[in-house]
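Enquirer: Provided herewith is a single structure, encoded as structure tokens, for subsequent inquiry.
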There are 2 protein chains.
Amino acid sequence: MDLDERKLKILQAIIRNYLETGEPVGSRTISKYTDLNLSSATIRNEMSDLEELGYILQPHTSAGRIPSDKGYRLYVDHMMLEKEEQLNQATQEVKEMQRILLEREDKMESVLKQMAKMLAANTNYATMISAPQVRGNKLKFIQLSRVDKHQLLTTIVVEGNVIKNSMITVDEPLDDETLLKLNILLNTNLNGLPIEEINLAMIAKLKQQAGDCADIVAEVMDAVASQIKNDENIEIYTSGANNIFKYPELADNQRASELITTFEEKQLLTELVNESLTDETGTGIQVYIGNETPVKTMKDCSVVTATYELEEGMKGTIGIIGPRRMDYDKVIDTLKTLKSQLDTIYKKDDGRT
Amino acid sequence: MDLDERKLKILQAIIRNYLETGEPVGSRTISKYTDLNLSSATIRNEMSDLEELGYILQPHTSAGRIPSDKGYRLYVDHMMLEKEEQLNQATQEVKEMQRILLEREDKMESVLKQMAKMLAANTNYATMISAPQVRGNKLKFIQLSRVDKHQLLTTIVVEGNVIKNSMITVDEPLDDETLLKLNILLNTNLNGLPIEEINLAMIAKLKQQAGDCADIVAEVMDAVASQIKNDENIEIYTSGANNIFKYPELADNQRASELITTFEEKQLLTELVNESLTDETGTGIQVYIGNETPVKTMKDCSVVTATYELEEGMKGTIGIIGPRRMDYDKVIDTLKTLKSQLDTIYKKDDGRT
DNA sequence: TATTAGCACTCAATCGTAAAGAGTGCTAAT
DNA sequence: ATTAGCACTCTTTACGATTGAGTGCTAATA
């Protein structure tokens with residue numbers, strides 16, 4: 001048995017209808033809904049076939065059909081190309097988002113938060129955005145400054161202009177000359193070095209050269225190290241978690257509680273980010289339907305992720321999480337447009353953080 | 001009609017029982033529960049009185065009684081003193097928290113996040129913590145550094161060692177001498193100054209003295225300004241929002257969705273922080289029952305807040321949000337202990353951020 | 001006079017049954 | 001190959017009966 005033209009059309013009709021209503025769809029509905037001019041009985045036969053093939057399923061004996069994960073997958077992979085014309089609407093919405101983004105403050109963090117928020121408002125799904133992650137992190141600038149007698153400030157800048165500070169308390173005040181010497185020592189030895197290459201041997205060498213100030217060097221290196229570590233738990237911003245209450249199939253206490261926890265403990269979302277960053281399929285957009293998701297608590301959801309890339313190889317992930325019957329067309333369009341807009345926004349001004 | 005000893009005891013018994021079960025409590029239950037040796041009929045008469053006085057109410061005609069807001073208020077204000085002996089348990093739990101806190105990283109942010117998380121885990125309520133806010137913000141240190149040809153880094157430290165950076169892009173490379181002059185100019189004029197006192201006149205004067213570099217001074221001042229602005233939207237960390245699902249009276253979709261949104265848009269929680277910071281009642285602990293709360297979405301909840309204070313007048317707020325039938329004793333004890341522990345932890349090491 | 005036993009009454013929750021409605025699968029006719 | 005028709009299944013809704021917890025009132029009691 002094969003998927004002929006007509007079966008495809010019927011499957012498509014079933015999915016479209018189910019995406020809208022969230023109710024199982026029956027043969028009679030399809031018979032009227034499509035332009036195939038077939039009676040419900042015929043549709044029934046076809047539906048029976050489609051079920052046997054695994055594209056749809058019945059929640060119970062005398063109910064209509066709903067799409068299976070396999071059915072959604074087919075839809076997402078092959079059946080969405082046809083409705084190019086709607087893309088305009090999504091573009092429109094993203095244009096609006098861009099307008100607001102341009103009134104942004106200069107801080108990456110608030111831009112990303114804003115973006116997550118707007119995506120959530122526009123799509124009515126939950127959203128997440130991971131801050132761009134630099135892979136091959138090189139030290140660009142390092143400096144010690146005296147803030148007052150007993151406090152030194154370390155400022156570390158790595159490629160991509162990510163800045164990190166930390167305070168060091170010293171018992172003995174440092175004179176200007178020593179401070180200058182230390183700064184020169186640190187910069188000449190460390191500038192341009194990938195953080196990964198700073199190993200124990202190098203630290204030992206530095207300490208030796210620093211002489212009396214070995215402790216201080218140690219503290220500075222600690223600060224650098226914590227920069228690496230900090231990089232491991234990626235910053236993730238989420239928004240619109242409350243949207244899950246709009247979809248009854250997700251809103252029961254058990255599920256809702258789990259999902260809310262997942263959004264709160266952003267930790268768990270890193271799975272999504274990693275998955276999405278590694279597996280590049282060309283478009284940079286990936287769709288996880290139901291059980292395909294890497295996050296177990298989302299097995300009743302669908303997740304669409306997009307990878308965005310700023311200059312200097314900084315990559316991040318945008319994700320949209322909703323029910324299985326998500327409006328894939330709109331979501332994917334929106335993400336595609338957003339992705340390209342992000343490029344243009346950030347290509348213009350020079351790599352500020 | 002007055003509140004005699006016996007009525008108080010009965011009211012207390014009703015509240016205690018309701019806190020545990022969450023179900024309306026009947027006369028027969030109380031008759032057995034207390035050591036008053038009274039029949040249910042007598043209790044009924046007393047309960048009828050208590051209802052008339054407004055301390056308890058009936059959800060419907062033939063149900064037991066539940067405490068009213070007035071009843072809870074009486075309980076919290078006057079009836080909790082008696083059970084000092086349980087304090088041990090709370091102290092124990094906080095000791096455990098302290099142990100984990102001491103393994104902290106050196107960053108305020110992660111400490112606070114951790115703390116919120118642990119509070120939530122221990123109490124089974126939702127929690128929030130606001131980062132300490134400095135009121136009379138004085139500039140302590142300001143510096144421009146060259147990161148590369150076209151990029152300057154501004155580092156600003158204000159009292160309380162809050163550090164802020166921002167990148168400035170310049171078209172014309174600056175030579176070392178100019179940079180040094182600028183740094184001296186900025187520091188001699190601005191150090192020790194409360195941020196509020198930096199006005200337009202002062203900025204104009206600085207620009208004039210800077211001559212060619214007026215634009216750069218302008219950008220630096222922008223960075224300082226954004227430090228102030230940033231202070232307006234306080235950082236708030238939350239945890240345990242999912243706990244609301246443990247209390248059926250909060251877990252219906254409507255309410256849950258609103259509460260979750262409130263926790264996500266931490267913005268709304270600033271109300272709580274402000275209220276709590278201003279109104280000092282000596283202990284620094286405040287209890288909002290039901291409609292007393294400053295946040296409308298929490299009108300079906302009770303909120304307990306505590307103000308903590310680090311050195312240098314930095315104040316923050318810890319809040320616990322749960323159902324009306326919250327275990328006030330435990331929550332208040334926990335907050336009190338935590339408050340004092342926080343003091344000792346941070347009094348020891350010198351004002352690191 | 002305060003307390004208690006007893007009883008009638010109220011109301012929410014639960015259960016079972018019936019009826020309605022949506023949808024299917026199958027068969028026979030077209 | 002398609003369709004009309006019908007029996008059947010299963011969920012949803014409605015409804016009434018029953019149960020049980022709890023109250024308020026009254027009359028008896030200490």
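Chain lettering (A, B, ...) mirrors the order of the structure tokens, residue numbering begins at 1 for each chain separately, and ligand numbering begins at 1 in order of display.
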Env of DT12 (chain D): 12 Å cut, atoms = only C-alpha atoms (C1' of nucleotides), seq-sep filter 5 positions within chain, self excluded. Answer as a PDB file with C-alpha atoms (C1' of nucleotides), in the first residue's frame.
Expert:
```
ATOM      1  C1'  DA C  19     -29.741   9.497  26.578  1.00  0.00           C
ATOM      2  C1'  DA C  20     -27.364  12.059  23.094  1.00  0.00           C
ATOM      3  C1'  DG C  21     -23.864  12.624  19.738  1.00  0.00           C
ATOM      4  C1'  DA C  22     -19.970  11.812  17.095  1.00  0.00           C
TER       5       DA C  22
END
```
Enquirer: Fewer than 5 positions away in the same chain doesn't count, so skip those; otherwise give me all residues within 12 Å of region 188-193 of chain A, counting only C-alpha atoms (C1' of nucleotides), as an MDAnalysis selection string.
Expert: (chainID A and resid 136:143 156:159 181:183 198:199 202:203 205:207 209:210 217 220:221 224) or (chainID B and resid 147:148)
Enquirer: Could you work out which residues of chain A fall inside 7 Å of chain C? Count only C-alpha atoms (C1' of nucleotides), and format the result as a ChimeraX atom specification.
Expert: /A:26,62-64
Enquirer: Could you please take those selected residues and save C-alpha atoms as a JSON list (two decimals), in the first residue's frame?
Expert:
```json
[["chain", "number", "residue", "atom", "x", "y", "z"],
["A", 26, "GLY", "CA", -13.72, 12.76, 11.73],
["A", 62, "SER", "CA", -15.24, 5.66, 18.07],
["A", 63, "ALA", "CA", -13.33, 8.90, 17.89],
["A", 64, "GLY", "CA", -11.90, 10.78, 14.95]]
```
Enquirer: Tell me which protein, DNA and RNA residues are within 12 Å of region 5-17 of chain A, counting only C-alpha atoms (C1' of nucleotides), leaving out same-chain ones fewer than 3 positions away, and put them as a ChimeraX atom specification.
Expert: /A:1-2,20-38,40,42-51,53-57,64-76,78-80,82,324-329
Enquirer: Considering only C-alpha atoms, give me a table of residues in chain B that are at most 10 Å from chain A, with the closest atom pair and distance in Å for each, as CSV.
Expert:
```
residue,atom,partner,partner_atom,distance
B:Glu105,CA,A:Ser226,CA,9.1
B:Asp106,CA,A:Ser166,CA,8.9
B:Lys107,CA,A:Ser166,CA,8.8
B:Lys117,CA,A:Glu265,CA,9.6
B:Lys140,CA,A:Val147,CA,7.1
B:Phe141,CA,A:Val147,CA,5.9
B:Ile142,CA,A:Val147,CA,8.8
B:Gln143,CA,A:Ser145,CA,8.7
B:Ser145,CA,A:Gln143,CA,8.7
B:Arg146,CA,A:Phe141,CA,8.6
B:Val147,CA,A:Phe141,CA,5.9
B:Asp148,CA,A:Lys140,CA,8.4
B:Gln151,CA,A:Arg352,CA,9.6
B:Leu153,CA,A:Val157,CA,9.1
B:Thr155,CA,A:Thr155,CA,8.2
B:Val157,CA,A:Val147,CA,8.1
B:Asn161,CA,A:Met167,CA,8.0
B:Val162,CA,A:Met167,CA,9.9
B:Ile163,CA,A:Asn165,CA,7.3
B:Lys164,CA,A:Asn165,CA,8.5
B:Asn165,CA,A:Ile163,CA,7.2
B:Ser166,CA,A:Thr353,CA,8.0
B:Met167,CA,A:Arg352,CA,6.7
B:Ile168,CA,A:Arg352,CA,8.4
B:Thr169,CA,A:Asp350,CA,8.2
B:Ala223,CA,A:Asp106,CA,10.0
B:Ser226,CA,A:Glu105,CA,9.2
B:Thr238,CA,A:Glu264,CA,8.4
B:Ser239,CA,A:Glu264,CA,7.0
B:Gly240,CA,A:Thr261,CA,7.6
B:Ala241,CA,A:Thr261,CA,7.4
B:Asn242,CA,A:Ser257,CA,5.3
B:Asn243,CA,A:Ser257,CA,7.9
B:Ile244,CA,A:Ser257,CA,8.5
B:Phe245,CA,A:Ser257,CA,6.4
B:Lys246,CA,A:Asn253,CA,9.0
B:Pro248,CA,A:Asn253,CA,9.4
B:Ala251,CA,A:Asn253,CA,7.1
B:Asp252,CA,A:Asn253,CA,8.1
B:Asn253,CA,A:Phe245,CA,6.5
B:Gln254,CA,A:Phe245,CA,8.2
B:Ala256,CA,A:Asn242,CA,8.4
B:Ser257,CA,A:Asn242,CA,5.3
B:Glu258,CA,A:Asn242,CA,7.6
B:Leu259,CA,A:Asn242,CA,8.8
B:Ile260,CA,A:Asn242,CA,6.1
B:Thr261,CA,A:Asn242,CA,5.8
B:Thr262,CA,A:Asn242,CA,9.5
B:Phe263,CA,A:Glu264,CA,9.5
B:Glu264,CA,A:Ser239,CA,7.0
B:Glu265,CA,A:Ser239,CA,8.3
B:Asp349,CA,A:Thr169,CA,9.6
B:Asp350,CA,A:Thr169,CA,8.0
B:Gly351,CA,A:Met167,CA,9.5
B:Arg352,CA,A:Met167,CA,6.5
B:Thr353,CA,A:Met167,CA,7.3
```
Enquirer: Near chain A, meaning an atom within 7 Å, which residues of chain D appear when counting only C-alpha atoms (C1' of nucleotides)? Write them as a ChimeraX atom specification.
Expert: /D:2-3,9-10
Enquirer: Grab the residues selected above and save them as a PDB file, in the first residue's frame with C-alpha atoms (C1' of nucleotides).
Expert:
```pdb
ATOM      1  C1'  DT D   2     -17.613   5.098  -4.697  1.00  0.00           C
ATOM      2  C1'  DT D   3     -21.406   5.740  -1.775  1.00  0.00           C
ATOM      3  C1'  DT D   9     -18.765   1.643  20.071  1.00  0.00           C
ATOM      4  C1'  DC D  10     -17.410   4.930  23.091  1.00  0.00           C
TER       5       DC D  10
END
```
Enquirer: DSSP on the backbone: which residues in region 119-353 of chain A end up as alpha helix (DSSP H)? Give the answer as JSON, numbers by chain.
Expert: {"A": [119, 120, 121, 122, 123, 176, 177, 178, 179, 180, 181, 182, 183, 184, 185, 186, 187, 188, 189, 190, 200, 201, 202, 203, 204, 205, 206, 207, 208, 209, 210, 214, 215, 216, 217, 218, 219, 220, 221, 222, 223, 224, 225, 226, 227, 228, 229, 230, 231, 232, 253, 254, 255, 256, 257, 258, 259, 260, 261, 262, 263, 264, 270, 271, 272, 273, 274, 275, 276, 277, 278, 328, 329, 330, 331, 332, 333, 334, 335, 336, 337, 338, 339, 340, 341, 342, 343, 344, 345, 346, 347, 348]}
Enquirer: With only C-alpha atoms as the atoms that count, which of A:Thr334, A:Ser130, A:Gln341, A:Asn187 lies nearest to Gln267 (chain A)?
Expert: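 Closest candidate: A:Ser130.
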